[in-house]
Each structure stands twice: as structure tokens, then as C-alpha cells.
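Trainee: Handing over coords37.txt, compact mmCIF, C-alpha atoms.
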# COMPACT_ATOMS: atom_id res chain seq x y z
CA MET A 1 52.42 -119.70 -63.06
CA PRO A 2 55.78 -119.95 -64.89
CA LEU A 3 56.18 -118.22 -68.26
CA LEU A 4 57.81 -121.35 -69.73
CA THR A 5 57.26 -124.93 -68.57
CA VAL A 6 58.96 -128.01 -70.02
CA ASN A 7 57.39 -131.34 -69.04
CA ASN A 8 58.87 -134.80 -69.65
CA LEU A 9 60.47 -133.72 -72.91
CA LYS A 10 61.96 -136.45 -75.08
CA LYS A 11 63.50 -136.31 -78.55
CA VAL A 12 64.55 -139.38 -80.52
CA TYR A 13 66.12 -139.12 -83.97
CA THR A 14 66.27 -141.92 -86.52
CA THR A 15 69.51 -141.91 -88.50
CA ARG A 16 69.19 -141.67 -92.27
CA PHE A 17 71.30 -144.74 -92.93
CA GLY A 18 70.75 -147.89 -90.94
CA GLY A 19 67.62 -146.67 -89.16
CA ASN A 20 69.36 -146.46 -85.79
CA LYS A 21 67.62 -144.41 -83.10
CA VAL A 22 69.50 -141.72 -81.18
CA THR A 23 68.00 -140.24 -78.02
CA ALA A 24 68.96 -136.56 -77.87
CA LEU A 25 66.71 -135.63 -74.94
CA LYS A 26 65.05 -137.74 -72.27
CA ASN A 27 62.74 -136.72 -69.44
CA VAL A 28 63.69 -133.02 -69.45
CA ASN A 29 61.76 -131.00 -66.88
CA PHE A 30 62.22 -127.36 -65.86
CA SER A 31 60.45 -124.02 -65.83
CA VAL A 32 61.39 -120.37 -66.30
CA GLU A 33 59.62 -117.60 -64.43
CA GLU A 34 58.64 -114.32 -66.02
CA GLY A 35 61.52 -111.85 -65.69
CA GLU A 36 64.11 -114.57 -65.03
CA PHE A 37 67.55 -114.76 -66.66
CA ALA A 38 68.47 -118.45 -66.96
CA ALA A 39 71.37 -120.18 -68.71
CA ILE A 40 71.78 -123.74 -69.94
CA MET A 41 75.25 -125.27 -70.07
CA GLY A 42 76.49 -128.59 -71.38
CA GLU A 43 79.19 -130.21 -73.47
CA SER A 44 78.85 -130.68 -77.22
CA GLY A 45 76.39 -133.49 -77.82
CA SER A 46 74.68 -133.02 -74.45
CA GLY A 47 71.36 -132.09 -76.05
CA LYS A 48 71.27 -128.36 -75.36
CA THR A 49 71.00 -127.33 -79.04
CA THR A 50 68.19 -129.83 -79.61
CA LEU A 51 66.45 -128.43 -76.53
CA LEU A 52 66.79 -124.86 -77.76
CA ASN A 53 65.45 -125.81 -81.20
CA ILE A 54 62.36 -127.35 -79.61
CA LEU A 55 61.82 -124.33 -77.35
CA ALA A 56 62.12 -122.13 -80.45
CA THR A 57 59.46 -124.29 -82.21
CA MET A 58 62.02 -125.12 -84.92
CA ASP A 59 61.74 -128.81 -84.01
CA ARG A 60 59.05 -131.01 -82.48
CA PRO A 61 59.58 -133.28 -79.48
CA THR A 62 58.99 -137.01 -79.72
CA SER A 63 56.99 -136.77 -76.50
CA GLY A 64 56.41 -134.35 -73.66
CA GLU A 65 55.34 -130.73 -73.89
CA VAL A 66 56.51 -127.14 -73.91
CA ILE A 67 54.08 -124.59 -72.45
CA LEU A 68 54.80 -120.94 -73.26
CA ASN A 69 52.45 -118.22 -72.02
CA GLY A 70 49.91 -120.92 -71.23
CA ARG A 71 49.97 -122.44 -74.71
CA ASN A 72 51.27 -125.88 -75.64
CA THR A 73 53.62 -125.16 -78.56
CA GLY A 74 53.29 -128.72 -79.79
CA SER A 75 49.62 -128.14 -80.58
CA ILE A 76 50.30 -125.14 -82.83
CA HIS A 77 49.65 -125.92 -86.50
CA GLU A 78 52.59 -125.54 -88.87
CA ASN A 79 51.01 -122.61 -90.72
CA GLU A 80 50.65 -120.70 -87.42
CA LEU A 81 54.19 -121.21 -86.14
CA ALA A 82 55.84 -118.25 -87.89
CA LYS A 83 53.25 -115.87 -86.46
CA PHE A 84 53.61 -117.45 -82.99
CA ARG A 85 57.39 -117.00 -83.08
CA ARG A 86 57.09 -113.34 -84.08
CA GLU A 87 54.62 -112.63 -81.32
CA HIS A 88 56.19 -114.56 -78.45
CA LEU A 89 59.85 -115.35 -79.14
CA GLY A 90 62.97 -113.31 -79.75
CA PHE A 91 66.15 -114.94 -81.11
CA VAL A 92 69.82 -114.04 -80.78
CA PHE A 93 72.27 -116.34 -82.57
CA GLN A 94 76.03 -116.78 -82.42
CA ASP A 95 76.46 -115.86 -86.10
CA PHE A 96 74.03 -112.88 -85.92
CA ASN A 97 71.85 -114.02 -88.89
CA LEU A 98 71.75 -110.52 -90.39
CA LEU A 99 71.03 -109.84 -94.07
CA ASP A 100 74.03 -108.10 -95.67
CA THR A 101 71.88 -106.48 -98.37
CA PHE A 102 69.73 -104.80 -95.70
CA SER A 103 70.84 -101.80 -93.64
CA ILE A 104 71.10 -102.19 -89.86
CA GLU A 105 67.81 -100.32 -89.61
CA ASP A 106 66.03 -102.59 -92.07
CA ASN A 107 67.40 -105.73 -90.41
CA ILE A 108 65.84 -104.59 -87.14
CA TYR A 109 62.55 -103.66 -88.83
CA LEU A 110 62.21 -107.04 -90.56
CA PRO A 111 60.03 -108.88 -87.97
CA LEU A 112 57.62 -105.94 -87.83
CA VAL A 113 57.49 -105.67 -91.63
CA LEU A 114 56.60 -109.37 -91.78
CA ALA A 115 53.90 -108.73 -89.18
CA GLY A 116 52.43 -105.94 -91.34
CA LYS A 117 53.11 -103.07 -88.91
CA GLU A 118 52.97 -99.41 -89.98
CA TYR A 119 56.21 -97.47 -90.50
CA GLY A 120 55.40 -94.90 -87.81
CA GLU A 121 54.97 -97.59 -85.16
CA MET A 122 58.16 -99.35 -86.28
CA ASN A 123 60.17 -96.11 -86.23
CA ASP A 124 59.03 -95.19 -82.72
CA LYS A 125 60.03 -98.61 -81.40
CA LEU A 126 63.36 -98.53 -83.20
CA LYS A 127 64.39 -95.16 -81.79
CA SER A 128 64.01 -96.20 -78.15
CA ILE A 129 65.67 -99.60 -78.64
CA ALA A 130 68.57 -98.13 -80.65
CA ILE A 131 69.29 -95.60 -77.90
CA LYS A 132 69.18 -98.31 -75.22
CA LEU A 133 71.57 -100.54 -77.19
CA GLY A 134 73.88 -97.75 -78.35
CA ILE A 135 73.44 -98.29 -82.07
CA SER A 136 71.66 -95.07 -83.12
CA ASP A 137 74.70 -93.91 -85.08
CA ILE A 138 74.99 -97.04 -87.26
CA LEU A 139 71.36 -97.52 -88.36
CA LYS A 140 72.05 -96.48 -91.97
CA LYS A 141 75.13 -98.68 -92.28
CA TYR A 142 75.23 -102.29 -93.48
CA PRO A 143 76.29 -105.36 -91.45
CA TYR A 144 79.62 -105.65 -93.31
CA GLU A 145 80.46 -102.09 -92.24
CA VAL A 146 80.17 -102.60 -88.47
CA SER A 147 81.96 -104.60 -85.76
CA GLY A 148 80.95 -107.98 -84.37
CA GLY A 149 79.71 -106.39 -81.18
CA GLN A 150 77.57 -103.94 -83.15
CA LYS A 151 76.18 -106.79 -85.24
CA GLN A 152 75.16 -108.66 -82.10
CA ARG A 153 73.51 -105.57 -80.59
CA THR A 154 71.65 -105.22 -83.90
CA ALA A 155 70.49 -108.82 -83.54
CA ILE A 156 69.33 -108.10 -80.00
CA ALA A 157 67.43 -105.02 -81.23
CA ARG A 158 65.74 -107.13 -83.92
CA ALA A 159 64.76 -109.67 -81.25
CA LEU A 160 63.43 -107.05 -78.82
CA ILE A 161 61.46 -104.92 -81.27
CA THR A 162 58.54 -107.38 -81.22
CA ASP A 163 58.32 -107.25 -77.38
CA PRO A 164 58.85 -111.02 -77.03
CA ALA A 165 57.70 -112.95 -73.98
CA ILE A 166 61.11 -114.64 -73.87
CA LEU A 167 64.46 -113.99 -75.50
CA LEU A 168 66.27 -117.17 -76.61
CA ALA A 169 70.03 -116.71 -77.03
CA ASP A 170 72.25 -119.36 -78.63
CA GLU A 171 75.94 -118.84 -77.74
CA PRO A 172 75.52 -115.04 -78.08
CA THR A 173 79.17 -114.28 -77.22
CA GLY A 174 80.65 -117.15 -79.25
CA ALA A 175 81.75 -115.02 -82.23
CA LEU A 176 82.96 -112.02 -80.22
CA ASP A 177 86.31 -110.97 -78.77
CA SER A 178 86.56 -110.66 -74.98
CA LYS A 179 85.93 -106.90 -74.89
CA SER A 180 82.86 -107.12 -77.14
CA ALA A 181 81.61 -110.15 -75.21
CA GLY A 182 81.88 -108.25 -71.93
CA ALA A 183 79.93 -105.32 -73.36
CA LEU A 184 77.27 -107.66 -74.73
CA LEU A 185 76.83 -109.39 -71.38
CA LYS A 186 76.32 -106.01 -69.73
CA THR A 187 73.65 -105.33 -72.37
CA PHE A 188 71.93 -108.61 -71.49
CA SER A 189 72.04 -107.71 -67.80
CA ASP A 190 70.55 -104.28 -68.53
CA ILE A 191 67.64 -105.59 -70.62
CA HIS A 192 67.02 -108.25 -67.98
CA LYS A 193 66.81 -105.52 -65.32
CA ASP A 194 64.17 -103.87 -67.53
CA GLY A 195 62.08 -107.03 -67.10
CA GLN A 196 62.97 -109.10 -70.16
CA THR A 197 62.91 -112.88 -69.65
CA ILE A 198 66.06 -114.48 -71.10
CA LEU A 199 67.05 -118.11 -71.66
CA MET A 200 70.62 -118.47 -72.92
CA VAL A 201 72.48 -121.55 -74.11
CA THR A 202 76.23 -121.16 -73.71
CA HIS A 203 79.60 -122.87 -73.31
CA SER A 204 81.00 -119.72 -71.70
CA VAL A 205 81.36 -119.71 -67.92
CA LYS A 206 81.67 -115.92 -68.05
CA ALA A 207 78.41 -115.59 -69.95
CA ALA A 208 76.59 -117.99 -67.64
CA SER A 209 77.85 -116.13 -64.56
CA HIS A 210 75.59 -113.20 -65.51
CA ALA A 211 72.47 -115.39 -65.26
CA GLY A 212 70.38 -115.77 -62.15
CA ARG A 213 70.25 -119.55 -62.57
CA VAL A 214 72.33 -122.06 -64.50
CA LEU A 215 70.97 -125.45 -65.54
CA PHE A 216 73.41 -128.18 -66.54
CA ILE A 217 72.45 -130.72 -69.20
CA LYS A 218 74.27 -134.00 -69.74
CA ASP A 219 73.33 -137.00 -71.89
CA GLY A 220 70.01 -135.39 -72.72
CA GLU A 221 68.90 -134.67 -69.15
CA ILE A 222 68.86 -131.67 -66.83
CA PHE A 223 70.68 -133.04 -63.80
CA HIS A 224 71.91 -130.05 -61.78
CA GLN A 225 71.32 -126.32 -61.35
CA ILE A 226 72.86 -123.37 -59.52
CA TYR A 227 70.98 -120.34 -58.23
CA LYS A 228 72.94 -117.10 -58.12
CA GLY A 229 71.11 -115.55 -55.19
CA ASN A 230 73.32 -112.88 -53.63
CA MET A 231 76.51 -114.05 -55.33
CA THR A 232 78.52 -111.58 -57.40
CA ASN A 233 79.35 -112.40 -61.02
CA ASP A 234 82.86 -113.41 -59.92
CA GLU A 235 81.52 -115.69 -57.19
CA MET A 236 79.04 -117.21 -59.63
CA TYR A 237 81.89 -117.72 -62.11
CA MET A 238 83.85 -119.71 -59.52
CA LYS A 239 80.78 -121.72 -58.51
CA ILE A 240 80.07 -122.69 -62.13
CA SER A 241 83.75 -123.50 -62.81
CA ASN A 242 83.97 -125.72 -59.73
CA THR A 243 80.74 -127.48 -60.67
CA LEU A 244 81.97 -128.15 -64.21
CA THR A 245 85.24 -129.54 -62.85
CA ILE A 246 83.34 -131.98 -60.63
CA LEU A 247 81.01 -132.97 -63.45
CA LEU A 248 83.83 -133.60 -65.93
CA SER A 249 85.73 -135.69 -63.37
CA GLY A 250 82.66 -137.78 -62.61
CA GLY A 251 82.46 -136.53 -59.02
CA ASP A 252 79.40 -136.37 -56.81
CA LEU A 253 77.75 -132.93 -56.62
CA SER A 254 75.83 -133.91 -53.50
CA GLU A 255 79.00 -134.06 -51.41
Could you write out this structure as C-alpha cells?

Mentor:
Amino acid sequence: MPLLTVNNLKKVYTTRFGGNKVTALKNVNFSVEEGEFAAIMGESGSGKTTLLNILATMDRPTSGEVILNGRNTGSIHENELAKFRREHLGFVFQDFNLLDTFSIEDNIYLPLVLAGKEYGEMNDKLKSIAIKLGISDILKKYPYEVSGGQKQRTAIARALITDPAILLADEPTGALDSKSAGALLKTFSDIHKDGQTILMVTHSVKAASHAGRVLFIKDGEIFHQIYKGNMTNDEMYMKISNTLTILLSGGDLSE
């Protein structure tokens, strides 16, 4: 049984002025297995951000369902959603979403503090994650005192400290230089090898080439996917690039 299943997902927005209806997603179907590293790619306006928001329970679909760990997220009452997110979902955002008035350590602790965990348990978890992510030496610093790459590794630590069923990443390399982005992608590969399920939305072909599967979304629908199999990252990069070229030119992927 897949860890995440998306069935016939549809999202229609009504514009504030004029009452026009805009279909952001239509008939989206896919699943993610436990331990998989999947990426979603698409142009701006393709629906990938709307999809991620629904998967993150930040938005509700118009119809269809999202099943995570056997539970239909659409049936979760509003006052339970924050707890559900803490217990099942980890988030990594392009702009880090760190609190500048909190130390790196306290930023990472935050989800566990909100969950009412004891300091000893939090500290034990933090030590092992900080070593794995190479941030042990910056824990007492503040976000404005560290690099972009260190901020993003802090965000990953904050996401992982709750042992989420799935890690949702929204353009995680978007705010990083090429060197920091490369280091971050290696970090993602390492935590995936440790068994973490990852679903990443990205524009970056380089980022997507680290995933085991890439799904392409266009006009609100998943319409193509690539499995990495035995391909190297470089081979996957070329496969994705060639696919995007065909898609943008309106070519036929079945040829």
C-alpha cells in the first residue's frame, strides 16, 4: 500500500472580482511509495504549487482525495490539522521560514515544543540530526548569522526532528547559490538513503535529477513521468532536459 495516494484531485478557484472560475487542478492521480524520492516539475501556473498546498493540508481540494498513511486528509477537522501536520509531515521551503529572533537550535526545537515534548527528548534528537546535517557548530547562532546553505540545513533539521512520514520540499534550492545547492541535494540524497520519503516540487533540472522519479504537471494534470532506474544523476539530468524540450515545443513524448 502506497504511503501517499492522490485520487481524482480537482481544485477550482472562484476569482474575487467577477466570480470567474479557474481550474488549477483536474483529475490528478498518482501515488508515492514509502522510502521513495519523487519530484514534481512544471512551468509557473501549471498547478504544482496548488498541488503541494493540498498535500500539505494548507488547502482543500474541490473534489477527489489525498490519502496519507491510510487517512483521508480531507476528512480531518480543522482543529486537528496542526497536530496532523506535526505528526506526519515535514516541510522545507525555498525561503527557509526561520524565525530570526530564535537561535538555530530553538528554530529546530519549535515543532517539538508545540507538541509538548520534554527537553531531554528534544535534545537527544537534535544532537543526532545536527551531526548528520553538519550544523552542530552553529546551533547557538541566529539565522541572520549563517549562510543560505546553513539556513536550509536548519530547515531540514526542523522538518526531520518530528520523524515525518513524508518530507515535502518546495523549491528547496531556489534561494541558494550553485555550490550550496549541490551540497543540499547531496543532503537530500543522504536522508533518502536513510529511508526518508521525499516529495519535492522544483523548477531545477539538477534538483530533479537526484530523485528516483519525476512527474510532470501541465495545465493542472500529471501527464508524464520518468523513472530513474539505473541512470546516473547526469543521465537523469539529460533525460529530464530532453523531455522538457519536447514538452515546451509541443512534441509527442510517445515517439

Trainee: What is the CA of Gly45 in chain A to CA of Arg213 in chain A distance in Å?

Mentor: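 So the two atoms, CA of Gly45 in chain A and CA of Arg213 in chain A, lie 21.6 Å apart.
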
Trainee: Rounded to one decimal place, report the CA of Asn8 in chain A-CA of Ser63 in chain A distance in Å.

Mentor: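 Those two atoms sit 7.4 Å apart.
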
Trainee: In the coordinates of the file, take the point (59.0, -119.7, -66.6) and a cut-off of 7 Å; then, counting only C-alpha atoms, name each qualifying protein, DNA or RNA residue as an NGL selection string.

Mentor: :A and (2-5 or 31-34)

Trainee: Return as lines of an AutoDock Vina configuration file the box centre and box size in Å, one decimal, for an axis-aligned box around all listed atoms of range 149-168 of chain A padded by 8 Å per side.

Mentor:
center_x = 68.7
center_y = -110.6
center_z = -79.6
size_x = 38.0
size_y = 29.2
size_z = 27.4

Trainee: With 8 Å as the cut-off and only C-alpha atoms counted, what is the closest atom pair between each nearby residue of range 118-193 of chain A and range 108-111 of chain A? Distances in Å to one decimal, ordered by chain and number, as a tab-separated table.

Mentor:
residue	atom	partner	partner_atom	distance
A:Met122	CA	A:Tyr109	CA	6.7
A:Leu126	CA	A:Ile108	CA	7.6
A:Thr154	CA	A:Ile108	CA	6.7
A:Ala155	CA	A:Ile108	CA	7.2
A:Ala157	CA	A:Ile108	CA	6.1
A:Arg158	CA	A:Ile108	CA	4.1
A:Ala159	CA	A:Ile108	CA	7.9
A:Ile161	CA	A:Ile108	CA	7.3
A:Thr162	CA	A:Pro111	CA	7.1

Trainee: Pick from A:Phe30, A:Tyr144, A:Phe84, A:Tyr237: nearest to Phe96 in chain A, with only C-alpha atoms counted?

Mentor: A:Tyr144

Trainee: Given the point (82.2, -120.3, -67.0) in the coordinates of this file, which residues lie within 7 Å, counting only C-alpha atoms, and how would they look as a PDB file with C-alpha atoms, in the coordinates of the input?

Mentor:
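Result file is result_22.pdb:
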ATOM      1  CA  SER A 204      81.000-119.720 -71.700  1.00  0.00           C
ATOM      2  CA  VAL A 205      81.360-119.710 -67.920  1.00  0.00           C
ATOM      3  CA  LYS A 206      81.670-115.920 -68.050  1.00  0.00           C
ATOM      4  CA  ALA A 207      78.410-115.590 -69.950  1.00  0.00           C
ATOM      5  CA  ALA A 208      76.590-117.990 -67.640  1.00  0.00           C
ATOM      6  CA  SER A 209      77.850-116.130 -64.560  1.00  0.00           C
ATOM      7  CA  TYR A 237      81.890-117.720 -62.110  1.00  0.00           C
ATOM      8  CA  ILE A 240      80.070-122.690 -62.130  1.00  0.00           C
ATOM      9  CA  SER A 241      83.750-123.500 -62.810  1.00  0.00           C
TER      10      SER A 241
END
